[in-house]
Structure formats: structure tokens, C-alpha cells
file my_file32.cif (mmCIF, C-alpha atoms and all ligand atoms)
data_work
loop_
_atom_site.label_atom_id
_atom_site.label_comp_id
_atom_site.auth_asym_id
_atom_site.auth_seq_id
_atom_site.Cartn_x
_atom_site.Cartn_y
_atom_site.Cartn_z
CA VAL A 909 157.51 -12.52 163.94
CA PRO A 910 155.46 -9.30 163.82
CA ALA A 911 155.46 -7.45 167.16
CA LEU A 912 152.40 -8.03 169.32
CA ALA A 913 151.17 -4.64 170.49
CA ASP A 914 149.35 -4.06 173.77
CA GLY A 915 145.70 -4.99 173.29
CA ALA A 916 146.45 -7.31 170.33
CA VAL A 917 146.07 -11.05 169.68
CA GLN A 918 148.14 -13.17 167.31
CA CYS A 919 147.59 -16.79 166.18
CA TRP A 920 150.05 -19.04 164.42
CA LEU A 921 149.11 -22.15 162.45
CA ASP A 922 151.59 -24.87 161.62
CA ARG A 923 151.52 -28.35 160.05
CA LEU A 924 153.51 -31.28 161.35
CA ASP A 925 154.71 -32.23 157.88
CA ASP A 926 156.04 -28.72 157.21
CA ALA A 927 159.55 -27.78 158.28
CA PRO A 928 159.35 -24.22 159.66
CA PRO A 929 162.41 -22.67 161.33
CA TRP A 930 161.19 -23.62 164.82
CA SER A 931 160.90 -27.33 163.94
CA THR A 932 164.59 -27.82 164.80
CA LEU A 933 164.47 -25.88 168.06
CA PRO A 934 165.73 -27.98 170.97
CA LEU A 935 163.35 -28.09 173.94
CA PRO A 936 164.41 -27.79 177.58
CA ALA A 937 165.07 -31.10 179.35
CA HIS A 938 161.77 -31.09 181.30
CA GLU A 939 159.73 -30.73 178.10
CA THR A 940 161.74 -33.44 176.33
CA ALA A 941 161.17 -35.67 179.36
CA ARG A 942 157.45 -34.95 179.24
CA SER A 943 157.25 -35.78 175.54
CA ALA A 944 159.12 -39.03 176.16
CA GLN A 945 156.29 -40.13 178.45
CA MET A 946 153.79 -39.84 175.62
CA ALA A 947 153.28 -43.28 174.14
CA ALA A 948 151.53 -42.22 170.92
CA ALA A 949 153.95 -40.88 168.31
CA ASP A 950 151.42 -38.42 166.87
CA ARG A 951 150.63 -36.99 170.33
CA ARG A 952 154.36 -36.67 171.02
CA ALA A 953 155.02 -34.91 167.71
CA ALA A 954 152.14 -32.48 168.29
CA PHE A 955 153.31 -31.69 171.82
CA VAL A 956 156.89 -31.05 170.65
CA ARG A 957 155.86 -28.84 167.71
CA GLY A 958 153.42 -26.87 169.87
CA ARG A 959 156.18 -26.10 172.38
CA GLN A 960 158.66 -25.24 169.60
CA LEU A 961 156.18 -22.89 167.93
CA LEU A 962 155.14 -21.24 171.19
CA ARG A 963 158.73 -20.80 172.33
CA PHE A 964 159.77 -19.37 168.95
CA VAL A 965 157.04 -16.73 168.70
CA ALA A 966 156.94 -15.89 172.44
CA ALA A 967 160.74 -15.45 172.42
CA ALA A 968 160.41 -12.81 169.70
CA GLN A 969 157.72 -10.98 171.69
CA LEU A 970 159.64 -11.12 174.97
CA GLY A 971 163.07 -10.39 173.48
CA VAL A 972 164.65 -13.51 174.97
CA ALA A 973 166.06 -16.76 173.58
CA PRO A 974 163.48 -19.54 172.97
CA ALA A 975 165.08 -21.62 175.74
CA ASP A 976 164.53 -18.70 178.16
CA VAL A 977 160.80 -18.29 177.50
CA PRO A 978 159.36 -18.75 181.02
CA LEU A 979 156.80 -21.34 179.93
CA VAL A 980 155.20 -23.19 182.83
CA VAL A 981 152.10 -25.35 183.15
CA ALA A 982 149.48 -24.59 185.80
CA ASP A 983 148.05 -27.48 187.84
CA SER A 984 145.00 -27.29 185.59
CA GLY A 985 147.17 -27.90 182.51
CA LYS A 986 146.98 -24.33 181.17
CA PRO A 987 150.29 -23.17 179.70
CA LEU A 988 151.42 -19.84 181.18
CA LEU A 989 154.34 -17.47 180.73
CA SER A 990 155.34 -16.81 184.32
CA GLY A 991 156.24 -13.23 185.15
CA SER A 992 155.39 -12.03 181.65
CA GLY A 993 152.65 -9.69 182.78
CA ALA A 994 149.77 -9.47 180.41
CA LEU A 995 150.94 -12.01 177.80
CA ASP A 996 148.56 -15.01 177.79
CA VAL A 997 148.97 -18.05 175.54
CA SER A 998 147.10 -21.12 174.33
CA ILE A 999 148.03 -24.25 172.35
CA THR A 1000 145.89 -26.62 170.29
CA HIS A 1001 146.47 -29.53 167.94
CA THR A 1002 144.39 -31.87 165.84
CA GLY A 1003 145.67 -34.32 163.24
CA GLN A 1004 148.53 -32.64 161.37
CA TRP A 1005 147.63 -29.16 162.63
CA VAL A 1006 149.20 -27.30 165.51
CA ALA A 1007 148.33 -23.73 166.49
CA VAL A 1008 149.14 -21.27 169.23
CA ALA A 1009 147.63 -17.96 170.30
CA LEU A 1010 149.37 -15.10 172.08
CA SER A 1011 147.34 -12.31 173.63
CA ARG A 1012 148.06 -8.95 175.18
CA ALA A 1013 144.32 -8.24 175.27
CA GLY A 1014 143.17 -10.68 177.96
CA ALA A 1015 142.98 -14.40 178.70
CA VAL A 1016 142.91 -16.42 175.50
CA GLY A 1017 141.88 -19.95 174.56
CA LEU A 1018 142.37 -21.55 171.15
CA ASP A 1019 140.83 -24.76 169.82
CA ILE A 1020 140.96 -26.54 166.48
CA GLU A 1021 138.70 -29.56 166.11
CA SER A 1022 138.51 -32.00 163.25
CA THR A 1023 135.00 -32.01 161.82
CA GLU A 1024 135.75 -35.34 160.16
CA ARG A 1025 136.10 -37.35 163.33
CA ARG A 1026 133.31 -39.76 164.15
CA VAL A 1027 131.57 -38.56 167.27
CA ASP A 1028 128.19 -39.21 168.79
CA ASP A 1029 127.06 -35.59 168.63
CA ALA A 1030 123.67 -36.27 170.25
CA SER A 1031 125.23 -37.84 173.30
CA ILE A 1032 128.01 -35.21 173.59
CA SER A 1033 125.56 -32.35 173.37
CA ARG A 1034 123.25 -34.01 175.93
CA ARG A 1035 126.16 -34.49 178.27
CA TYR A 1036 128.18 -31.29 177.86
CA PHE A 1037 126.17 -28.55 176.16
CA ALA A 1038 124.05 -25.93 177.94
CA PRO A 1039 120.28 -26.09 177.24
CA GLU A 1040 120.33 -23.03 174.95
CA GLU A 1041 123.25 -24.52 172.98
CA ARG A 1042 121.34 -27.79 172.46
CA THR A 1043 118.26 -25.89 171.32
CA ALA A 1044 120.30 -23.80 168.88
CA VAL A 1045 122.07 -26.84 167.42
CA ASP A 1046 118.75 -28.71 166.99
CA ALA A 1047 117.26 -25.68 165.24
CA ALA A 1048 120.22 -25.16 162.89
CA GLY A 1049 118.55 -26.80 159.85
CA ASP A 1050 119.27 -30.04 158.02
CA ALA A 1051 121.66 -32.73 159.29
CA ALA A 1052 124.75 -31.06 157.76
CA ALA A 1053 123.85 -27.67 159.24
CA ARG A 1054 123.21 -29.24 162.66
CA ARG A 1055 126.55 -31.01 162.55
CA ALA A 1056 128.36 -27.78 161.59
CA ALA A 1057 126.61 -25.99 164.48
CA PHE A 1058 127.57 -28.83 166.84
CA PHE A 1059 131.27 -28.48 165.97
CA ARG A 1060 131.13 -24.68 166.27
CA VAL A 1061 129.73 -25.04 169.79
CA TRP A 1062 132.26 -27.74 170.68
CA ALA A 1063 135.28 -25.70 169.52
CA ARG A 1064 133.97 -22.51 171.16
CA LYS A 1065 133.35 -24.28 174.46
CA GLU A 1066 136.81 -25.83 174.46
CA ALA A 1067 138.30 -22.41 173.64
CA VAL A 1068 136.46 -20.82 176.59
CA VAL A 1069 137.58 -23.61 178.94
CA LYS A 1070 141.17 -23.07 177.77
CA ALA A 1071 140.96 -19.30 178.32
CA THR A 1072 139.70 -19.71 181.90
CA GLY A 1073 142.19 -22.54 182.46
CA ASP A 1074 139.64 -24.15 184.77
CA GLY A 1075 139.27 -27.35 182.78
CA LEU A 1076 135.98 -28.93 183.73
CA SER A 1077 135.76 -27.53 187.24
CA GLY A 1078 132.95 -25.06 186.55
CA GLY A 1079 130.90 -27.55 184.52
CA LEU A 1080 130.56 -27.19 180.78
CA GLY A 1081 126.83 -26.52 180.96
CA ALA A 1082 127.38 -23.57 183.31
CA PHE A 1083 128.09 -21.18 180.43
CA ALA A 1084 126.75 -20.94 176.89
CA VAL A 1085 128.35 -20.07 173.56
CA PRO A 1086 126.53 -19.19 170.33
CA ALA A 1087 125.92 -21.94 167.76
CA VAL A 1088 125.38 -19.62 164.78
CA GLU A 1089 128.06 -18.77 162.25
CA GLY A 1090 129.80 -15.46 162.85
CA ALA A 1091 133.30 -14.07 162.65
CA VAL A 1092 133.17 -12.42 166.10
CA LEU A 1093 130.35 -13.09 168.53
CA PRO A 1094 129.81 -12.38 172.23
CA LEU A 1095 129.42 -15.21 174.73
CA LEU A 1096 125.73 -16.05 175.20
CA ARG A 1097 125.89 -16.57 178.96
CA PRO A 1098 128.82 -16.49 181.40
CA ALA A 1099 128.98 -18.99 184.26
CA ASP A 1100 127.67 -17.70 187.61
CA VAL A 1101 130.95 -18.68 189.28
CA TRP A 1102 132.99 -16.33 187.08
CA MET A 1103 133.43 -13.24 189.22
CA ASP A 1104 133.36 -9.99 187.26
CA ALA A 1105 132.71 -11.84 184.00
CA GLY A 1106 133.56 -8.80 181.84
CA PRO A 1107 133.34 -8.99 178.06
CA TRP A 1108 133.98 -12.30 176.26
CA TRP A 1109 134.41 -12.61 172.50
CA LEU A 1110 134.42 -15.72 170.32
CA TYR A 1111 136.28 -15.55 167.04
CA ALA A 1112 135.86 -17.97 164.13
CA LEU A 1113 139.35 -18.27 162.67
CA PRO A 1114 140.22 -19.31 159.12
CA ALA A 1115 140.64 -23.07 159.54
CA PRO A 1116 142.13 -25.78 157.32
CA ALA A 1117 139.65 -27.93 155.39
CA GLY A 1118 137.99 -30.52 157.62
CA THR A 1119 138.51 -28.52 160.79
CA VAL A 1120 136.87 -25.72 162.74
CA ALA A 1121 138.89 -23.20 164.74
CA ALA A 1122 137.67 -21.02 167.59
CA LEU A 1123 139.40 -18.45 169.73
CA ALA A 1124 137.92 -17.21 173.00
CA LEU A 1125 139.07 -13.89 174.42
CA ARG A 1126 138.16 -12.64 177.85
CA GLY A 1127 138.65 -8.98 177.15
CA PRO A 1128 137.71 -6.19 174.76
CA ARG A 1129 136.88 -6.91 171.11
CA VAL A 1130 140.11 -6.52 169.17
CA SER A 1131 141.34 -7.66 165.78
CA VAL A 1132 143.10 -11.02 165.71
CA GLN A 1133 146.06 -11.53 163.39
CA CYS A 1134 146.36 -15.06 161.94
CA LEU A 1135 149.74 -16.09 160.56
CA ARG A 1136 151.12 -19.17 158.91
CA TRP A 1137 154.74 -19.84 158.13
CA ALA A 1138 155.31 -20.61 154.44
C1 LIG B 1201 142.09 -29.26 178.24
C2 LIG B 1201 141.30 -29.48 176.99
C3 LIG B 1201 140.44 -28.23 176.77
C4 LIG B 1201 142.23 -29.71 175.80
O1 LIG B 1201 141.52 -29.72 174.58
P1 LIG B 1201 141.67 -30.85 173.49
O2 LIG B 1201 140.71 -30.50 172.40
O3 LIG B 1201 141.59 -32.19 174.12
O4 LIG B 1201 143.15 -30.74 172.94
P2 LIG B 1201 143.88 -29.53 172.24
O5 LIG B 1201 144.89 -30.11 171.36
O6 LIG B 1201 142.95 -28.55 171.63
O7 LIG B 1201 144.60 -28.79 173.45
C5 LIG B 1201 145.65 -29.41 174.12
C6 LIG B 1201 146.43 -28.33 174.81
O8 LIG B 1201 145.60 -27.64 175.73
C7 LIG B 1201 146.43 -27.11 176.75
N1 LIG B 1201 145.73 -27.32 178.01
C8 LIG B 1201 145.61 -28.45 178.74
N2 LIG B 1201 144.86 -28.20 179.83
C9 LIG B 1201 144.49 -26.89 179.77
C10 LIG B 1201 143.71 -26.04 180.61
N3 LIG B 1201 143.16 -26.47 181.75
N4 LIG B 1201 143.54 -24.77 180.25
C11 LIG B 1201 144.10 -24.29 179.12
N5 LIG B 1201 144.86 -25.04 178.26
C12 LIG B 1201 145.03 -26.33 178.61
C13 LIG B 1201 147.79 -27.79 176.68
O9 LIG B 1201 148.73 -26.87 176.24
C14 LIG B 1201 147.56 -28.88 175.63
O10 LIG B 1201 148.62 -29.05 174.74
P3 LIG B 1201 150.01 -29.73 175.17
O11 LIG B 1201 149.71 -30.78 176.17
O12 LIG B 1201 150.56 -30.28 173.89
O13 LIG B 1201 150.80 -28.61 175.68
C15 LIG B 1201 140.39 -30.72 177.08
O14 LIG B 1201 141.17 -31.85 177.27
C16 LIG B 1201 139.33 -30.65 178.17
O15 LIG B 1201 139.53 -30.81 179.35
N6 LIG B 1201 138.15 -30.42 177.74
C17 LIG B 1201 137.03 -30.33 178.60
C18 LIG B 1201 135.87 -30.04 177.83
C19 LIG B 1201 135.19 -31.24 177.25
O16 LIG B 1201 135.12 -32.32 177.79
N7 LIG B 1201 134.59 -30.99 176.09
C20 LIG B 1201 133.85 -31.98 175.38
C21 LIG B 1201 132.74 -31.38 174.53
S1 LIG B 1201 132.45 -29.66 174.66
#

call {"tool": "encode", "arguments": {"input": "my_file32.cif", "output": "C-alpha cells"}}
result
Amino acid sequence: VPALADGAVQCWLDRLDDAPPWSTLPLPAHETARSAQMAAADRRAAFVRGRQLLRFVAAAQLGVAPADVPLVVADSGKPLLSGSGALDVSITHTGQWVAVALSRAGAVGLDIESTERRVDDASISRRYFAPEERTAVDAAGDAAARRAAFFRVWARKEAVVKATGDGLSGGLGAFAVPAVEGAVLPLLRPADVWMDAGPWWLYALPAPAGTVAALALRGPRVSVQCLRWA
């Protein structure tokens, strides 16, 4: 695991049908108990692998054993490393894919969405997107371009929500992300309720076929290292 310097962000991508070194890592009893409550086998497998991956890479950064990574879950659901100062983390999974982000550059949110799932994009954008996001998606071009723009907005919004850790409390229409393609783009509009909004950056990460991946960083623009075990 390459060291994560101050001011840097690292992402790790994993596949459930791969067998990386962390796939045999035992989880603490409370995480095993939580996974046992998950009825769907695919949800359970994704939860377990996400925790194994996060514990493995965070342990290397913190210089502790994976079992001693101080991983807790806030009431909102955001995973946090308690007492680990400026190290923020995020977890996402879709289908076979699991990914985590670790940041020493500010609050981080990571989201991978399948672009193959059947969704009613018109109704989701009416319900959740900010007006300027809806306008940008509608103006994106033909049906395929509009659908690609829709998924970019969706993944970026989820990534922002995961960085703030607020879930839905601020309202998804209260802030706006760009719909255009771009490797690193600023947030279009922060929510009024975010005190001292500061800089926000949205990164388009290299994503497996049939998915889109977004990382939101509340902090300065830095380079993001993407890694995959092989
Ligand atoms: C919390 C939320 C962002 C999770 O996103 P998701 O796409 O459903 O699922 P993902 O696999 O990407 O992420 C799940 C992980 O997010 C993390 N998470 C859960 N709540 C979180 C929160 N409030 N903040 C940050 N991370 C959170 C957890 O680690 C979870 O994984 P785990 O349970 O295996 O540990 C999502 O459920 C949510 O509330 N979304 C609100 C926005 C919305 O409705 N969007 C629709 C269109 S824009």
C-alpha cells in the first residue's frame, strides 16, 4: 500500500470475484454481526469486502493491525476513523465492484453507479436534481448523451452527499454539480446551509465498463491516485 502523504487522496477498486490479500481478513465481531443482519447475499458480500479493503489499506496508513483500525459509523451512516485526525474515508459498491477512498486532503465521498441499471431518469431528475442540473442534462444532446449526463450528475451528487455525511438532510436540490464531462471540475453551487463552503472538487475516476465513478473532495484540488490489486 503506497503511503498516503498529507494533502493526498487514494482510491482502491476491487471486484468481489477476485481474491486479493484482504479477502481473507477476519472482521471484528460487531461488523460480522452487522453483515449477518443483511438478508441479501450480494449486499452482505459487498459490505464484508468493503470493510476488509478499508481496514487493509487504512491499517497500512495508520501503522496498526487491520483489526485495530478505529472504524466507526456516524449516526448518518458515514464511516469514520475515530481519532485519526485528518484521514477521511468513503466506501461504495455496485454489482461486483467495491471501492474505497482515503483522503488526507479533506472530506471525501466516493460513488460508483451502474449505468446499466433500469431507472426512470426523468422522474429521478425531477425529484432529486437541482434546476441547473436538470437543464444541463436536458441540453446534453441525444438520448445517449442525456443518459450519460444523468448518471454523471447522479454519481457526483451521491459522492457529495457521502463527503458531507449528511445523507439527505440538506436536500439534494440544495446544491448543484456539473453535468458535463471533465476529469476534475468545481462544484456548481454549494448549499446555503454549508457554513464556510470552501473549495469543492469533483473527480471523474477511471471506472469499469458499465459504471460511472465520481469522487467529491471538500478541499484543495489535488491529484488522486487510483489503485487496483492485481
Ligand atoms: C448513503 C448513500 C449515499 C449510499 O449510496 P448508495 O449509492 O446507495 O450505495 P453505495 O454502495 O455507493 O454506498 C454505500 C456506503 O455508503 C456509506 N454510507 C452510508 N451512509 C452514508 C453517509 N450518510 N455518508 C457517507 N457515507 C455513507 C456506507 O459505508 C455504505 O457502505 P456499507 O454499508 O457497506 O459500509 C445513499 O443511500 C443515499 O442516502 N443517497 C441519498 C441521495 C439519493 O437519494 N440520491 C438519488 C439520486 S441523486

call {"tool": "residues_near_point", "arguments": {"input": "my_file32.cif", "point": "(146.1, -8.4, 175.6)", "cutoff": "8 Å", "atoms": "only C-alpha atoms", "output": "ChimeraX atom specification"}}
result
/A:914-917,994-996,1011-1015,1127

call {"tool": "residues_around", "arguments": {"input": "my_file32.cif", "residues": "A:Ser931", "least_positions_apart": "4", "cutoff": "10 Å", "atoms": "all atoms listed in the file", "output": "list in words"}}
result
Asp922, Leu924, Asp925, Asp926, Ala927, Val956, Arg957, Gly958, Arg959, Gln960, Leu961 and Phe964 of chain A

call {"tool": "write_last_selection", "arguments": {"input": "my_file32.cif", "atoms": "C-alpha atoms", "output": "tab-separated table (two decimals), keeping the file's coordinate frame"}}
result
chain	number	residue	atom	x	y	z
A	922	ASP	CA	151.59	-24.87	161.62
A	924	LEU	CA	153.51	-31.28	161.35
A	925	ASP	CA	154.71	-32.23	157.88
A	926	ASP	CA	156.04	-28.72	157.21
A	927	ALA	CA	159.55	-27.78	158.28
A	956	VAL	CA	156.89	-31.05	170.65
A	957	ARG	CA	155.86	-28.84	167.71
A	958	GLY	CA	153.42	-26.87	169.87
A	959	ARG	CA	156.18	-26.10	172.38
A	960	GLN	CA	158.66	-25.24	169.60
A	961	LEU	CA	156.18	-22.89	167.93
A	964	PHE	CA	159.77	-19.37	168.95

call {"tool": "residues_around", "arguments": {"input": "my_file32.cif", "residues": "stretch 1085-1096 of chain A", "least_positions_apart": "5", "cutoff": "8 Å", "atoms": "all atoms listed in the file", "output": "PyMOL selection string"}}
result
chain A and resi 1041+1044-1045+1048+1057-1058+1060-1061+1064-1065+1107-1113

call {"tool": "closest_residue", "arguments": {"input": "my_file32.cif", "among": "A:Val1027, A:Ala947, A:Ala1063, A:Ala1099", "to": "A:Thr1000", "atoms": "all atoms listed in the file"}}
result
A:Ala1063

call {"tool": "atom_distance", "arguments": {"input": "my_file32.cif", "atom1": "atom C21 of ligand LIG 1201 (chain B)", "atom2": "atom CA of A:Ser1033"}}
result
7.3 Å

call {"tool": "closest_residue", "arguments": {"input": "my_file32.cif", "among": "A:Arg1035, A:Arg963, A:Arg923, A:Arg1129", "to": "ligand LIG 1201 (chain B)", "atoms": "all atoms listed in the file"}}
result
A:Arg1035

call {"tool": "closest_atom_pairs", "arguments": {"input": "my_file32.cif", "of": "chain A", "to": "ligand LIG 1201 (chain B)", "cutoff": "7 Å", "atoms": "all atoms listed in the file", "output": "JSON lines"}}
result
{"residue": "A:Ala954", "atom": "CA", "partner": "B:LIG1201", "partner_atom": "O12", "distance": 6.2}
{"residue": "A:Phe955", "atom": "CA", "partner": "B:LIG1201", "partner_atom": "O12", "distance": 3.7}
{"residue": "A:Gly958", "atom": "CA", "partner": "B:LIG1201", "partner_atom": "O12", "distance": 6.0}
{"residue": "A:Arg959", "atom": "CA", "partner": "B:LIG1201", "partner_atom": "O13", "distance": 6.8}
{"residue": "A:Ser984", "atom": "CA", "partner": "B:LIG1201", "partner_atom": "N3", "distance": 4.3}
{"residue": "A:Gly985", "atom": "CA", "partner": "B:LIG1201", "partner_atom": "N2", "distance": 3.6}
{"residue": "A:Lys986", "atom": "CA", "partner": "B:LIG1201", "partner_atom": "C11", "distance": 3.5}
{"residue": "A:Pro987", "atom": "CA", "partner": "B:LIG1201", "partner_atom": "O9", "distance": 5.3}
{"residue": "A:Ser998", "atom": "CA", "partner": "B:LIG1201", "partner_atom": "N5", "distance": 6.0}
{"residue": "A:Ile999", "atom": "CA", "partner": "B:LIG1201", "partner_atom": "O9", "distance": 4.7}
{"residue": "A:Thr1000", "atom": "CA", "partner": "B:LIG1201", "partner_atom": "O6", "distance": 3.8}
{"residue": "A:His1001", "atom": "CA", "partner": "B:LIG1201", "partner_atom": "O5", "distance": 3.8}
{"residue": "A:Thr1002", "atom": "CA", "partner": "B:LIG1201", "partner_atom": "O5", "distance": 5.8}
{"residue": "A:Gly1017", "atom": "CA", "partner": "B:LIG1201", "partner_atom": "C11", "distance": 6.7}
{"residue": "A:Asp1019", "atom": "CA", "partner": "B:LIG1201", "partner_atom": "O6", "distance": 4.7}
{"residue": "A:Ile1020", "atom": "CA", "partner": "B:LIG1201", "partner_atom": "O6", "distance": 5.9}
{"residue": "A:Glu1021", "atom": "CA", "partner": "B:LIG1201", "partner_atom": "O2", "distance": 6.7}
{"residue": "A:Ile1032", "atom": "CA", "partner": "B:LIG1201", "partner_atom": "C21", "distance": 6.2}
{"residue": "A:Tyr1036", "atom": "CA", "partner": "B:LIG1201", "partner_atom": "S1", "distance": 5.6}
{"residue": "A:Phe1037", "atom": "CA", "partner": "B:LIG1201", "partner_atom": "S1", "distance": 6.6}
{"residue": "A:Trp1062", "atom": "CA", "partner": "B:LIG1201", "partner_atom": "S1", "distance": 4.4}
{"residue": "A:Lys1065", "atom": "CA", "partner": "B:LIG1201", "partner_atom": "S1", "distance": 5.5}
{"residue": "A:Glu1066", "atom": "CA", "partner": "B:LIG1201", "partner_atom": "C3", "distance": 4.9}
{"residue": "A:Ala1067", "atom": "CA", "partner": "B:LIG1201", "partner_atom": "C3", "distance": 6.9}
{"residue": "A:Val1069", "atom": "CA", "partner": "B:LIG1201", "partner_atom": "C3", "distance": 5.9}
{"residue": "A:Lys1070", "atom": "CA", "partner": "B:LIG1201", "partner_atom": "C11", "distance": 3.4}
{"residue": "A:Ala1071", "atom": "CA", "partner": "B:LIG1201", "partner_atom": "C11", "distance": 5.9}
{"residue": "A:Thr1072", "atom": "CA", "partner": "B:LIG1201", "partner_atom": "N4", "distance": 6.6}
{"residue": "A:Gly1073", "atom": "CA", "partner": "B:LIG1201", "partner_atom": "N4", "distance": 3.4}
{"residue": "A:Asp1074", "atom": "CA", "partner": "B:LIG1201", "partner_atom": "N3", "distance": 5.2}
{"residue": "A:Gly1075", "atom": "CA", "partner": "B:LIG1201", "partner_atom": "N3", "distance": 4.1}
{"residue": "A:Leu1076", "atom": "CA", "partner": "B:LIG1201", "partner_atom": "C17", "distance": 5.4}
{"residue": "A:Leu1080", "atom": "CA", "partner": "B:LIG1201", "partner_atom": "C18", "distance": 6.7}

call {"tool": "atom_distance", "arguments": {"input": "my_file32.cif", "atom1": "atom CA of A:Gly991", "atom2": "atom CA of A:Pro978"}}
result
7.6 Å

call {"tool": "atom_distance", "arguments": {"input": "my_file32.cif", "atom1": "atom CA of A:Ala1124", "atom2": "atom CA of A:Leu1018"}}
result
6.5 Å

call {"tool": "closest_residue", "arguments": {"input": "my_file32.cif", "among": "A:Leu933, A:Ala968, A:Ala948, A:Ala941", "to": "A:Val909", "atoms": "all atoms listed in the file"}}
result
A:Ala968

call {"tool": "closest_residue", "arguments": {"input": "my_file32.cif", "among": "A:Leu989, A:Val1101, A:Val1132, A:Val997", "to": "A:Ala913", "atoms": "only C-alpha atoms"}}
result
A:Val1132

call {"tool": "residues_around", "arguments": {"input": "my_file32.cif", "residues": "stretch 974-976 of chain A", "least_positions_apart": "4", "cutoff": "8 Å", "atoms": "all atoms listed in the file", "output": "ChimeraX atom specification"}}
result
/A:934-936,963-964,966-967

call {"tool": "write_last_selection", "arguments": {"input": "my_file32.cif", "atoms": "C-alpha atoms", "output": "compact mmCIF listing (two decimals), in the coordinates of the input"}}
result
# COMPACT_ATOMS: atom_id res chain seq x y z
CA PRO A 934 165.73 -27.98 170.97
CA LEU A 935 163.35 -28.09 173.94
CA PRO A 936 164.41 -27.79 177.58
CA ARG A 963 158.73 -20.80 172.33
CA PHE A 964 159.77 -19.37 168.95
CA ALA A 966 156.94 -15.89 172.44
CA ALA A 967 160.74 -15.45 172.42

call {"tool": "axis_aligned_box", "arguments": {"input": "my_file32.cif", "around": "stretch 957-967 of chain A", "padding_each_side": "8 Å", "output": "JSON"}}
result
{"center_x": 157.1, "center_y": -22.1, "center_z": 170.1, "size_x": 23.3, "size_y": 29.4, "size_z": 20.7}
